[in-house]
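Asker: Just so it is clear, I am handing over protein31.cif, which has mmCIF, C-alpha atoms.
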data_work
loop_
_atom_site.label_atom_id
_atom_site.label_comp_id
_atom_site.auth_asym_id
_atom_site.auth_seq_id
_atom_site.Cartn_x
_atom_site.Cartn_y
_atom_site.Cartn_z
CA MET N 358 275.21 -92.45 -1.44
CA PHE N 359 274.66 -95.28 1.03
CA THR N 360 271.03 -95.74 0.03
CA LYS N 361 271.05 -99.55 0.22
CA SER N 362 273.49 -100.25 3.03
CA GLN N 363 272.28 -98.17 5.98
CA ASP N 364 271.73 -101.32 8.06
CA TRP N 365 275.38 -102.37 7.69
CA TYR N 366 277.07 -98.97 7.35
CA ASP N 367 278.35 -98.79 10.92
CA LEU N 368 279.38 -102.45 10.94
CA VAL N 369 281.53 -101.94 7.83
CA TYR N 370 283.38 -98.92 9.20
CA ASP N 371 283.80 -100.48 12.61
CA ALA N 372 285.44 -103.41 10.80
CA GLN N 373 287.77 -100.94 9.08
CA GLY N 374 288.85 -99.67 12.50
CA LYS N 375 287.25 -96.23 12.40
CA ASP N 376 287.31 -94.94 15.99
CA TYR N 377 284.60 -92.33 16.42
CA GLU N 378 285.38 -91.80 20.10
CA VAL N 379 288.98 -90.83 19.41
CA GLU N 380 287.93 -88.69 16.45
CA ALA N 381 285.30 -86.82 18.48
CA ALA N 382 287.74 -86.16 21.32
CA THR N 383 290.40 -84.91 18.88
CA PHE N 384 287.86 -82.77 17.05
CA ARG N 385 286.66 -81.19 20.29
CA GLN N 386 290.22 -80.30 21.31
CA MET N 387 290.93 -78.75 17.91
CA LEU N 388 287.78 -76.64 18.04
CA HIS N 389 288.47 -75.28 21.51
CA ALA N 390 292.08 -74.53 20.54
CA ARG N 391 290.69 -72.37 17.73
CA GLY N 392 288.43 -70.32 19.96
CA VAL N 393 285.18 -72.27 20.08
CA PRO N 394 283.83 -71.70 23.61
CA ARG N 395 283.32 -74.51 26.07
CA ASN N 396 280.04 -75.31 27.76
CA GLY N 397 279.58 -72.64 30.42
CA PRO N 398 277.24 -70.03 31.94
CA CYS N 399 276.35 -68.75 28.47
CA GLY N 400 275.20 -72.20 27.39
CA ARG N 401 276.59 -74.79 25.04
CA PRO N 402 278.33 -73.85 21.79
CA ARG N 403 276.25 -74.65 18.71
CA LEU N 404 277.25 -77.29 16.14
CA LEU N 405 275.72 -78.07 12.74
CA ASP N 406 276.94 -81.40 11.35
CA VAL N 407 276.29 -81.59 7.60
CA ALA N 408 276.08 -85.10 6.11
CA CYS N 409 275.76 -86.43 9.65
CA GLY N 410 275.06 -89.99 8.49
CA THR N 411 274.05 -92.31 11.31
CA GLY N 412 275.00 -89.72 13.93
CA ARG N 413 278.14 -91.33 15.34
CA HIS N 414 280.02 -88.03 15.69
CA LEU N 415 276.90 -86.14 16.78
CA ALA N 416 276.19 -88.57 19.60
CA LEU N 417 279.67 -88.11 21.04
CA LEU N 418 279.71 -84.32 20.81
CA ASP N 419 276.92 -83.93 23.35
CA ASP N 420 278.57 -80.92 25.02
CA PHE N 421 277.38 -78.96 21.95
CA ASP N 422 273.87 -77.80 21.06
CA ARG N 423 273.60 -80.00 17.98
CA VAL N 424 271.76 -80.04 14.67
CA GLY N 425 272.32 -82.69 12.00
CA VAL N 426 271.58 -82.61 8.29
CA ASP N 427 271.69 -85.47 5.79
CA LEU N 428 270.26 -86.05 2.34
CA ASP N 429 269.38 -89.68 3.09
CA PRO N 430 266.26 -90.22 5.24
CA GLY N 431 267.42 -93.75 6.08
CA MET N 432 270.59 -92.39 7.64
CA LEU N 433 268.58 -89.83 9.60
CA GLU N 434 266.37 -92.58 11.00
CA ARG N 435 269.42 -94.26 12.48
CA ALA N 436 270.82 -90.95 13.71
CA ALA N 437 267.53 -90.23 15.49
CA GLU N 438 267.80 -93.53 17.37
CA ARG N 439 271.35 -92.67 18.43
CA CYS N 440 270.76 -88.96 19.19
CA PRO N 441 267.40 -88.53 20.93
CA GLY N 442 266.33 -84.93 21.23
CA VAL N 443 268.73 -83.69 18.54
CA MET N 444 267.20 -81.72 15.67
CA LEU N 445 267.74 -83.70 12.45
CA VAL N 446 266.84 -82.30 9.04
CA GLU N 447 266.74 -83.88 5.60
CA GLY N 448 268.58 -81.56 3.25
CA ASP N 449 271.17 -81.00 0.53
CA MET N 450 274.44 -79.37 1.60
CA ARG N 451 274.26 -77.12 -1.47
CA THR N 452 270.94 -75.54 -0.44
CA LEU N 453 270.89 -75.31 3.34
CA ASP N 454 268.31 -73.02 4.93
CA PRO N 455 270.15 -71.08 7.66
CA ASP N 456 266.95 -69.80 9.28
CA GLY N 457 265.26 -73.20 9.25
CA LEU N 458 268.31 -74.78 10.85
CA GLY N 459 268.56 -72.13 13.56
CA ALA N 460 271.79 -70.55 12.30
CA PRO N 461 274.24 -69.12 13.08
CA PHE N 462 276.48 -71.79 14.57
CA HIS N 463 279.83 -71.69 16.31
CA VAL N 464 280.86 -74.71 14.21
CA VAL N 465 279.61 -76.15 10.92
CA SER N 466 281.23 -79.51 10.17
CA CYS N 467 281.24 -81.80 7.14
CA LEU N 468 283.24 -84.87 8.14
CA PHE N 469 284.21 -88.32 6.87
CA SER N 470 284.93 -86.98 3.36
CA SER N 471 281.25 -86.30 2.64
CA ILE N 472 282.21 -83.18 0.66
CA ALA N 473 283.45 -85.54 -2.06
CA TYR N 474 279.87 -86.28 -3.08
CA MET N 475 280.10 -82.96 -4.88
CA GLN N 476 281.24 -84.00 -8.34
CA ASP N 477 282.61 -80.77 -9.80
CA ILE N 478 284.00 -77.40 -8.78
CA ARG N 479 280.65 -75.68 -9.22
CA SER N 480 278.83 -78.00 -6.79
CA LEU N 481 281.81 -77.90 -4.40
CA THR N 482 281.65 -74.11 -4.36
CA GLU N 483 277.87 -74.14 -3.89
CA ALA N 484 278.10 -76.55 -0.96
CA ILE N 485 280.87 -74.66 0.82
CA GLY N 486 279.08 -71.35 0.27
CA SER N 487 275.84 -72.84 1.63
CA MET N 488 277.56 -74.19 4.74
CA ALA N 489 279.51 -70.98 5.27
CA ARG N 490 276.28 -68.97 5.43
CA CYS N 491 275.43 -70.92 8.60
CA VAL N 492 278.64 -69.91 10.43
CA ARG N 493 278.48 -67.11 12.98
CA PRO N 494 281.09 -64.30 13.10
CA GLY N 495 284.28 -65.77 14.52
CA GLY N 496 282.94 -69.29 13.96
CA LEU N 497 284.40 -72.21 12.06
CA LEU N 498 283.59 -74.29 9.01
CA VAL N 499 285.42 -77.63 9.19
CA ILE N 500 285.64 -79.93 6.17
CA GLU N 501 287.30 -83.33 6.05
CA PRO N 502 288.41 -84.01 2.45
CA PHE N 503 288.64 -87.21 0.49
CA LEU N 504 291.67 -88.20 -1.59
CA GLU N 505 293.41 -85.84 -3.97
CA PRO N 506 293.45 -86.91 -7.64
CA VAL N 507 297.12 -87.92 -7.61
CA VAL N 508 296.64 -90.30 -4.66
CA VAL N 509 294.08 -92.63 -6.24
CA GLU N 510 295.43 -96.12 -7.00
CA LEU N 511 293.77 -97.39 -10.15
CA GLY N 512 292.98 -101.06 -10.52
CA ARG N 513 293.65 -101.93 -6.89
CA PRO N 514 290.91 -104.12 -5.41
CA TRP N 515 289.57 -103.25 -1.95
CA ALA N 516 287.65 -105.39 0.51
CA THR N 517 286.19 -105.08 4.00
CA PHE N 518 284.96 -108.07 5.98
CA VAL N 519 282.52 -108.04 8.89
CA ASP N 520 282.67 -111.22 10.96
CA ARG N 521 280.11 -111.26 13.77
CA PRO N 522 278.14 -114.23 15.14
CA GLU N 523 274.85 -112.91 13.78
CA ILE N 524 276.05 -111.51 10.43
CA LYS N 525 278.84 -111.85 7.88
CA ILE N 526 279.50 -109.13 5.30
CA ALA N 527 282.02 -108.80 2.49
CA ARG N 528 282.20 -105.41 0.74
CA MET N 529 284.42 -105.28 -2.33
CA ASP N 530 285.17 -102.81 -5.09
CA VAL N 531 287.80 -101.87 -7.67
CA PRO N 532 287.92 -98.05 -8.01
CA GLN N 533 287.82 -96.51 -11.49
CA VAL N 534 288.48 -92.88 -12.40
CA GLU N 535 286.25 -91.08 -14.89
CA GLY N 536 287.51 -87.55 -15.46
CA ARG N 537 287.74 -85.89 -12.05
CA CYS N 538 285.47 -88.43 -10.38
CA LEU N 539 286.08 -91.76 -8.71
CA GLN N 540 283.49 -94.39 -9.58
CA LEU N 541 282.98 -96.95 -6.82
CA GLU N 542 280.78 -99.97 -7.44
CA PHE N 543 280.41 -101.52 -3.99
CA GLN N 544 279.45 -105.19 -4.12
CA TYR N 545 278.08 -106.52 -0.82
CA LEU N 546 277.64 -110.16 0.08
CA ILE N 547 275.58 -110.48 3.26
CA ALA N 548 274.84 -113.64 5.24
CA ASP N 549 272.45 -113.63 8.20
CA ALA N 550 269.56 -115.68 9.58
CA ASN N 551 267.55 -114.94 6.41
CA GLY N 552 270.17 -116.47 4.11
CA VAL N 553 272.79 -115.03 1.75
CA ARG N 554 272.13 -112.12 -0.60
CA HIS N 555 274.02 -109.79 -2.90
CA VAL N 556 273.57 -106.00 -3.00
CA HIS N 557 275.16 -103.57 -5.44
CA GLU N 558 275.57 -99.87 -4.60
CA SER N 559 277.13 -97.16 -6.83
CA HIS N 560 279.04 -94.15 -5.53
CA ARG N 561 280.44 -91.33 -7.67
CA ILE N 562 283.02 -89.30 -5.75
CA GLY N 563 284.57 -85.96 -6.72
CA LEU N 564 288.35 -85.70 -6.61
CA PHE N 565 289.56 -82.24 -5.53
CA THR N 566 292.96 -80.84 -4.72
CA ARG N 567 293.67 -79.22 -1.38
CA GLU N 568 293.94 -75.85 -3.11
CA GLU N 569 290.58 -76.22 -4.87
CA ILE N 570 288.79 -76.75 -1.57
CA GLY N 571 290.78 -73.90 -0.03
CA ARG N 572 289.80 -71.50 -2.80
CA ALA N 573 286.12 -72.42 -2.38
CA ILE N 574 286.39 -71.67 1.36
CA GLN N 575 288.00 -68.32 0.65
CA ALA N 576 285.38 -67.54 -2.01
CA ALA N 577 282.76 -68.00 0.73
CA GLY N 578 284.39 -65.16 2.70
CA LEU N 579 286.25 -67.30 5.24
CA GLY N 580 289.90 -67.44 6.17
CA TRP N 581 291.43 -70.79 5.19
CA SER N 582 293.91 -73.12 6.84
CA PHE N 583 294.68 -76.80 6.45
CA VAL N 584 295.80 -79.09 9.28
CA GLU N 585 297.31 -82.57 9.09
CA PRO N 586 296.74 -85.37 9.95
CA GLY N 587 293.23 -84.33 10.99
CA LEU N 588 290.91 -87.06 12.27
CA SER N 589 291.60 -89.97 9.93
CA GLY N 590 294.83 -89.05 8.17
CA ARG N 591 293.24 -87.01 5.39
CA GLY N 592 293.66 -83.64 7.11
CA LEU N 593 291.06 -81.00 7.91
CA HIS N 594 290.19 -77.75 6.18
CA PHE N 595 289.29 -74.91 8.56
CA GLY N 596 287.42 -71.84 7.40
CA GLN N 597 286.93 -69.02 9.90
CA ARG N 598 284.46 -66.20 9.49
CA PRO N 599 285.89 -62.85 10.51
CA ASP N 600 284.47 -61.35 13.73
#
Could you render the structure as structure tokens?
Answerer:
Amino acid sequence: MFTKSQDWYDLVYDAQGKDYEVEAATFRQMLHARGVPRNGPCGRPRLLDVACGTGRHLALLDDFDRVGVDLDPGMLERAAERCPGVMLVEGDMRTLDPDGLGAPFHVVSCLFSSIAYMQDIRSLTEAIGSMARCVRPGGLLVIEPFLEPVVVELGRPWATFVDRPEIKIARMDVPQVEGRCLQLEFQYLIADANGVRHVHESHRIGLFTREEIGRAIQAAGLGWSFVEPGLSGRGLHFGQRPD
């Protein structure tokens, strides 16, 4: 996970052009189109964002009664700064505590391909089952996938550059596939007022087909559908608990 780069995480994805405002607006529209109620006399609909990271989506979905979960306490610290008053919990998506989180929720989301940190079908199934237990009758589980195995381009180098007056960052990697996992060795070069330093961060990402994620959603007792292009071009999996 991003255990060494929390301070630059948002800068890197801003440099890549990730538009959280557009994504949050699109996500909201998709939820309401699928029956999630709007803020009204009965109160705000409830949202649990799993692997919430630095809270960029959470902060923009403030018409929901929000709870965020992340395994990385450093990410939660930054989310707390961005989302004052929002309940934030350190936890593993495979072992969520529905009662401790205040379940059930109208929506349980796992966005920005965070599900890919599950490295095999067993952990994928555990995570989806754990999240599904937090969904109320008629509610939605929404999962944004990563790449399917056939899409990965081996040996292609990748780089992101942050160029701001106060900081310069280069993040580079060359993805490698090991079985059904993508091994990413992010190499950061950071220059700021303290000088220039190098940081290395490893990420091991599970590669799942659309159907494998769909079967895990169905195994959790939810109806499954898949919608393209989703929020960032990777599509969205929707699981709906029967009323």
Asker: Measure the distance from CA of Ala516 (chain N) to CA of Ala436 (chain N) in Å and round it to one decimal.
Answerer: 25.8 Å
Asker: I need the residue nearest Phe421 (chain N) from this list: N:Ile500, N:Leu388, N:Cys409, N:Met529. Use only C-alpha atoms for the distance.
Answerer: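 Of all the options, N:Leu388 lies closest to Phe421 (chain N).
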Asker: For the file shown, what are the residues hit by the PyMOL selection byres ((chain N and resi 503) around 7), laid out as number ranges by chain?
Answerer: N: 470, 473, 501-502, 504-505, 591
Asker: When you look at region 549-554 of chain N with a cut-off of 8 Å (counting only C-alpha atoms), what residues show up, excluding the ones that are within fewer than 5 positions of it in the same chain? I need them as a list of chain:residue names.
Answerer: N:Glu523, N:Ile524, N:Lys525
Asker: Kindly save the residues from that selection, with C-alpha atoms included, as a compact mmCIF listing (two decimals), in the frame of the given file.
Answerer:
# COMPACT_ATOMS: atom_id res chain seq x y z
CA GLU N 523 274.85 -112.91 13.78
CA ILE N 524 276.05 -111.51 10.43
CA LYS N 525 278.84 -111.85 7.88
Asker: Check what the PyMOL selection byres ((chain N and resi 437-446) around 8) selects in the file above and give those residues as a list of chain:residue names.
Answerer: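 With the PyMOL selection byres ((chain N and resi 437-446) around 8) on this model, the match is N:Thr411, N:Gly412, N:Arg413, N:Leu415, N:Ala416, N:Arg423, N:Val424, N:Gly425, N:Val426, N:Asp427, N:Leu433, N:Glu434, N:Arg435, N:Ala436, N:Glu447, N:Gly448, N:Leu458.
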Asker: Please save C-alpha atoms of the selected residues as a compact mmCIF listing (two decimals), in the coordinates of the input.
Answerer:
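This went into selection39.txt:
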# COMPACT_ATOMS: atom_id res chain seq x y z
CA THR N 411 274.05 -92.31 11.31
CA GLY N 412 275.00 -89.72 13.93
CA ARG N 413 278.14 -91.33 15.34
CA LEU N 415 276.90 -86.14 16.78
CA ALA N 416 276.19 -88.57 19.60
CA ARG N 423 273.60 -80.00 17.98
CA VAL N 424 271.76 -80.04 14.67
CA GLY N 425 272.32 -82.69 12.00
CA VAL N 426 271.58 -82.61 8.29
CA ASP N 427 271.69 -85.47 5.79
CA LEU N 433 268.58 -89.83 9.60
CA GLU N 434 266.37 -92.58 11.00
CA ARG N 435 269.42 -94.26 12.48
CA ALA N 436 270.82 -90.95 13.71
CA GLU N 447 266.74 -83.88 5.60
CA GLY N 448 268.58 -81.56 3.25
CA LEU N 458 268.31 -74.78 10.85
Asker: Pick out the closest residue to Phe595 (chain N) from this set: N:Ser487, N:Ser559, N:Thr360, N:Ser466. Count all atoms listed in the file.
Answerer: N:Ser466
Asker: List as a list in words the protein and nucleic acid residues near region 474-478 of chain N, meaning an atom at most 8 Å away when only C-alpha atoms are counted, but skip any in the same chain fewer than 3 places from it.
Answerer: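 After dropping sequence-adjacent residues, the list is Met358, Ser471, Leu481, Thr482, Ala484, Arg537, Cys538, Arg561, Ile562, Gly563, Leu564 and Glu569 of chain N.
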Asker: Given 6 Å of margin on each side, can you work out the centre and size in Å (one decimal) of an axis-aligned box holding every listed atom of region 403-410 of chain N, as lines of an AutoDock Vina configuration file?
Answerer:
center_x = 276.2
center_y = -82.3
center_z = 12.4
size_x = 14.2
size_y = 27.3
size_z = 24.6
Asker: Just say which residues the PyMOL selection byres ((chain N and resi 361) around 12) picks in this file, as a PyMOL selection string.
Answerer: chain N and resi 358-360+362-366+429-432+543-545+555-560
Asker: One decimal, Å: what's the distance from CA of Arg493 (chain N) over to CA of Met450 (chain N), could you say?
Answerer: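 CA of Met450 (chain N) lies at a distance of 17.2 Å from CA of Arg493 (chain N).
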Asker: Grab the CA of Asp367 (chain N) to CA of Gly592 (chain N) distance for me, in Å with one decimal place.
Answerer: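 Between CA of Asp367 (chain N) and CA of Gly592 (chain N) the gap is 21.9 Å.
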Asker: For each of N:Val508, N:Val369, N:Leu579, N:Ala460, take the minimum atom-to-atom distance to Asp520 (chain N), counting only C-alpha atoms, then give the residue where this is smallest.
Answerer: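 Selected residue with least distance to Asp520 (chain N): N:Val369.
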Asker: Go through N:Trp515, N:Phe565, N:Tyr370, N:Phe384 and flag the residue nearest Cys467 (chain N), using all atoms listed in the file for the distances.
Answerer: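 Among the listed residues, the smallest separation from Cys467 (chain N) belongs to N:Phe384.
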Asker: Pick out the closest residue to Gly392 (chain N) from this set: N:Arg513, N:Arg490, N:Arg528, N:Arg598. Count all atoms listed in the file.
Answerer: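 Closest to Gly392 (chain N), using all atoms listed in the file: N:Arg598.
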Asker: Near Arg572 (chain N), within 9 Å and counting all atoms listed in the file, which residues show up once chain neighbours fewer than 5 positions away are dropped, as a list in words?
Answerer: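 Near Arg572 (chain N), the qualifying residues are Thr482, Arg567, Ala577 and Trp581 of chain N.
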Asker: Any chance you can output those residues with C-alpha atoms as a JSON list (two decimals), in the coordinates of the input?
Answerer:
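Everything below was put into selection08.json:
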[["chain", "number", "residue", "atom", "x", "y", "z"],
["N", 482, "THR", "CA", 281.65, -74.11, -4.36],
["N", 567, "ARG", "CA", 293.67, -79.22, -1.38],
["N", 577, "ALA", "CA", 282.76, -68.00, 0.73],
["N", 581, "TRP", "CA", 291.43, -70.79, 5.19]]
Asker: Measuring atom to atom with all atoms listed in the file, identify which of N:Thr517, N:Asn396, N:Gln540, N:Gln597 is nearest to Leu497 (chain N).
Answerer: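 Closest to Leu497 (chain N), using all atoms listed in the file: N:Gln597.
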